[in-house]
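All remarks here apply to the structure that follows.
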Amino acid sequence: MSPASSRPPAQKLAINRLRDRKNLDDAAVDAFLERNEVPIVEGSRCTFLWRGEADEVLLVQRVVGLAERLPLRRLRGTDLWYLVLELPERSRINYQVEVRRGDHVESGNDPLNPKVSYSPVGTSSVCFAHGYVTPEWTQPDPSARQGELVELTVRSRALRRDVPVTLYLPARFRRTSTYPLLVMHDGADFLQYAAAKTVLDNLIDRLDVAETVVAFLNPQDRLTEYANSTAHSRFVTDELVPKLETEYPLMGRPAGRALLGSSFGGVASLSTAVKSPTTYGALVLMSGSFVFTDIAGADHGGGPVFDPVVKFVNRYRARPTRVADRIFMSCGVYEPLITPNRSMVPTFESAGMAVRFVESRDGHNWENWRDLLRDALSWVYPGPQKLVYE
Amino acid sequence: MAQHRDEVRRILDSASAVVVGGGHVGQLARVLHLFHVAPHLPRRIVAWSAGAMALTERLVLFDDHVPHGVAQTEVFDDGIGVVEGLVLLPHARRRLRIDDPVRMSVLARRFAPARCVVLDDGMRVDLGPDGALPADAKILDDHGAITSVVPEAAS
């Protein structure tokens, strides 16, 4: 990916056609914005726009390899600002716009773009490059049978608190059957921002994924509990899983137990499995925060919250152990975490685990993790799709 | 087990026809084998989807649109074998890349001399008393094309 101005476009871009006009006035800009959806996607070229009086306008994004703040140029004689970026097919990037007027700096979502991406820390604007399509199985399907969400409270001695757990029971759940269990970290966020229930309903109904019971966990102090915390691991392995296997018809063996997490949740999944290496059959690690240093004491750049993570990952990389049969890993290529994640693949494989690693042209966000759930879940717990003809 | 098989045999002996529906072909074939159904079936059988597949000699699983990469067609198990010389492909247009003649050709030639019969949604094939396919039944030919058993110009 690079700023697109270095290469002449095969066909004149809309912004260039506007620039070439003789009578470039407010009315022309009004009509231009009326005609075009912003950002304007023309093949691999995406034109970002902002309109108004300012001293400087910047596109703020966290695509690895690009400067975090990219300046927009003002179209001569107008109050329209623009930036053309080349984005590979099927990319998706989140961004905001920063506007400076004198000493005053203001940042926020792109007022010309109604498409936003949601996360626990707020929203950001989103640009869908050419070819990106929201997977239809992430959208509610009225014909898909609906599973049920049950709220539980699990008393934890390890965490010294009552832990709220949301349990997903698949449609047509029967006590006479047995189900695999998936434990999902950051459960409320997966439900709210990654459409986890809709995805499960659809994928199970389409037989892509086996009928599965899913425990959605909700952390209290996420950055502590998910950063290689023994208390968290004890809660999951010694308290939650045994309780669920006692009270629900679960398979109760490693092949029927999996842990899933994204970002710090990926670290929590791995560290829980490391502390109990014969309990879980599969891990799903999405954009895991596997920050490490090759030289002890080197600056990892993540700040104090990453210290226990780096210590854990360094130790694991020094002596990799088999902690599950299979690991599904994914990461967006625009995330700073892409390199650490790529580096973990041979590490896991060297310990004798089967690894499936999927990269997406996306960033560190919930839509990315949502879009990869089918790949992940159908690999960990494949459905009977190939056996059912009805 | 013998008692259960005997009960099933008695029911089948008094039946003039049997209907076998679709569903999970592995479970269906397992149950049909378990209760030793094949020798006791009446001459008239109506079957669809997985039910039809279970009657054949080989259960061939196929789905070219699985979430992961290329899905290979695979022989899963023996069917009960009352329909001979045919590999049945229910919902073929939905489950197979029928617009890929090379892939379809490999499929057809792999199971030859058995014939791969295309059972699309709503399609009905009446087998003769000797199991013969009717002239208008659709099959995959060696080139991967869907064609009638007897080409229309010749029939």
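Letters for chains follow the order of the structure tokens (A, B, ...), residue numbers begin at 1 for each chain, and ligand numbers begin at 1 in the order shown.
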
### Exercise: segment 50-66 of chain A partners within 10 Å, only C-alpha atoms, chain neighbours under 4 positions left out, as a ChimeraX atom specification
/A:1-3,29,33,38-39,70-75,78-83,93-113,124-125,332-338,362-364

Write the selection just made, keeping C-alpha atoms, as a PDB file, in the first residue's frame?
ATOM      1  CA  MET A   1       0.000   0.000   0.000  1.00  0.00           C
ATOM      2  CA  SER A   2       1.335   3.449  -0.813  1.00  0.00           C
ATOM      3  CA  PRO A   3       0.082   6.949  -1.384  1.00  0.00           C
ATOM      4  CA  VAL A  29     -18.060  20.826  -5.101  1.00  0.00           C
ATOM      5  CA  LEU A  33     -20.156  15.358  -3.120  1.00  0.00           C
ATOM      6  CA  VAL A  38     -17.106   8.947   0.286  1.00  0.00           C
ATOM      7  CA  PRO A  39     -14.453   7.589   0.292  1.00  0.00           C
ATOM      8  CA  LEU A  70      -1.410  11.253   6.269  1.00  0.00           C
ATOM      9  CA  PRO A  71      -2.036  14.823   5.095  1.00  0.00           C
ATOM     10  CA  LEU A  72      -4.919  15.690   2.801  1.00  0.00           C
ATOM     11  CA  ARG A  73      -4.312  18.291   0.071  1.00  0.00           C
ATOM     12  CA  ARG A  74      -6.552  21.228  -0.499  1.00  0.00           C
ATOM     13  CA  LEU A  75      -8.130  21.446  -3.923  1.00  0.00           C
ATOM     14  CA  THR A  78     -12.124  25.379  -2.852  1.00  0.00           C
ATOM     15  CA  ASP A  79     -12.563  24.215   0.733  1.00  0.00           C
ATOM     16  CA  LEU A  80     -12.364  20.568  -0.353  1.00  0.00           C
ATOM     17  CA  TRP A  81      -9.434  18.468   0.890  1.00  0.00           C
ATOM     18  CA  TYR A  82      -8.468  15.100  -0.556  1.00  0.00           C
ATOM     19  CA  LEU A  83      -6.084  12.183  -0.280  1.00  0.00           C
ATOM     20  CA  ILE A  93      -9.433   0.044   7.004  1.00  0.00           C
ATOM     21  CA  ASN A  94     -10.657   2.028   9.961  1.00  0.00           C
ATOM     22  CA  TYR A  95      -9.725   5.685  10.155  1.00  0.00           C
ATOM     23  CA  GLN A  96     -10.550   9.097  11.566  1.00  0.00           C
ATOM     24  CA  VAL A  97      -9.947  12.643  10.406  1.00  0.00           C
ATOM     25  CA  GLU A  98      -7.839  15.146  12.364  1.00  0.00           C
ATOM     26  CA  VAL A  99      -8.361  18.836  11.652  1.00  0.00           C
ATOM     27  CA  ARG A 100      -6.031  21.591  12.838  1.00  0.00           C
ATOM     28  CA  ARG A 101      -7.014  25.251  13.009  1.00  0.00           C
ATOM     29  CA  GLY A 102      -4.175  27.259  14.550  1.00  0.00           C
ATOM     30  CA  ASP A 103      -3.352  25.525  17.848  1.00  0.00           C
ATOM     31  CA  HIS A 104      -6.703  23.818  18.003  1.00  0.00           C
ATOM     32  CA  VAL A 105      -6.783  20.171  16.926  1.00  0.00           C
ATOM     33  CA  GLU A 106      -9.983  18.227  16.563  1.00  0.00           C
ATOM     34  CA  SER A 107     -10.342  14.597  15.546  1.00  0.00           C
ATOM     35  CA  GLY A 108     -13.321  12.414  14.853  1.00  0.00           C
ATOM     36  CA  ASN A 109     -15.067  10.264  12.343  1.00  0.00           C
ATOM     37  CA  ASP A 110     -15.290  11.245   8.697  1.00  0.00           C
ATOM     38  CA  PRO A 111     -18.420  13.438   8.458  1.00  0.00           C
ATOM     39  CA  LEU A 112     -18.828  12.548   4.787  1.00  0.00           C
ATOM     40  CA  ASN A 113     -18.809   8.776   5.382  1.00  0.00           C
ATOM     41  CA  SER A 124     -14.319   4.949  13.772  1.00  0.00           C
ATOM     42  CA  SER A 125     -14.986   5.496  10.104  1.00  0.00           C
ATOM     43  CA  GLY A 332      -4.835  -8.624   9.748  1.00  0.00           C
ATOM     44  CA  VAL A 333      -1.893  -7.677   7.560  1.00  0.00           C
ATOM     45  CA  TYR A 334      -2.416  -4.008   8.443  1.00  0.00           C
ATOM     46  CA  GLU A 335      -1.964  -4.667  12.160  1.00  0.00           C
ATOM     47  CA  PRO A 336       1.352  -4.019  13.908  1.00  0.00           C
ATOM     48  CA  LEU A 337       0.844  -7.503  15.389  1.00  0.00           C
ATOM     49  CA  ILE A 338       1.171  -9.223  12.003  1.00  0.00           C
ATOM     50  CA  ASP A 362      -7.808  -5.743   7.716  1.00  0.00           C
ATOM     51  CA  GLY A 363      -6.789  -4.224  11.014  1.00  0.00           C
ATOM     52  CA  HIS A 364      -7.079  -4.858  14.736  1.00  0.00           C
TER      53      HIS A 364
END

### Task
Could you find all residues in segment 122-274 of chain A that DSSP calls alpha helix (DSSP H) from the backbone, and write them as a PyMOL selection string?
chain A and resi 187-193+196-205+222-225+230-234+241-247+264-274

### Message
Select, as a list in words, those residues of chain B with any atom no more than 8 Å from chain A (distances computed using only C-alpha atoms).
### Response
Gly21, Gly22, Gly23, His24, Val25, Gly26, Trp48, Ser49, Ala50, Leu61, Phe62, Asp63, Val66, Pro67, His68, Pro90 and His91 of chain B

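Residues in contact with segment 305-318 of chain A at up to 7 Å, not including ones fewer than 4 positions away on its chain and judged by only C-alpha atoms, are Leu223, Ala227, Asn228, Phe290, Val291, Phe292, Thr293 and Thr347 of chain A.
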
### Task
One decimal, Å: what's the distance from atom CA of Ala2 of chain B over to atom CA of Val75 of chain B, could you say?
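Atom CA of Val75 of chain B lies at a distance of 29.3 Å from atom CA of Ala2 of chain B.
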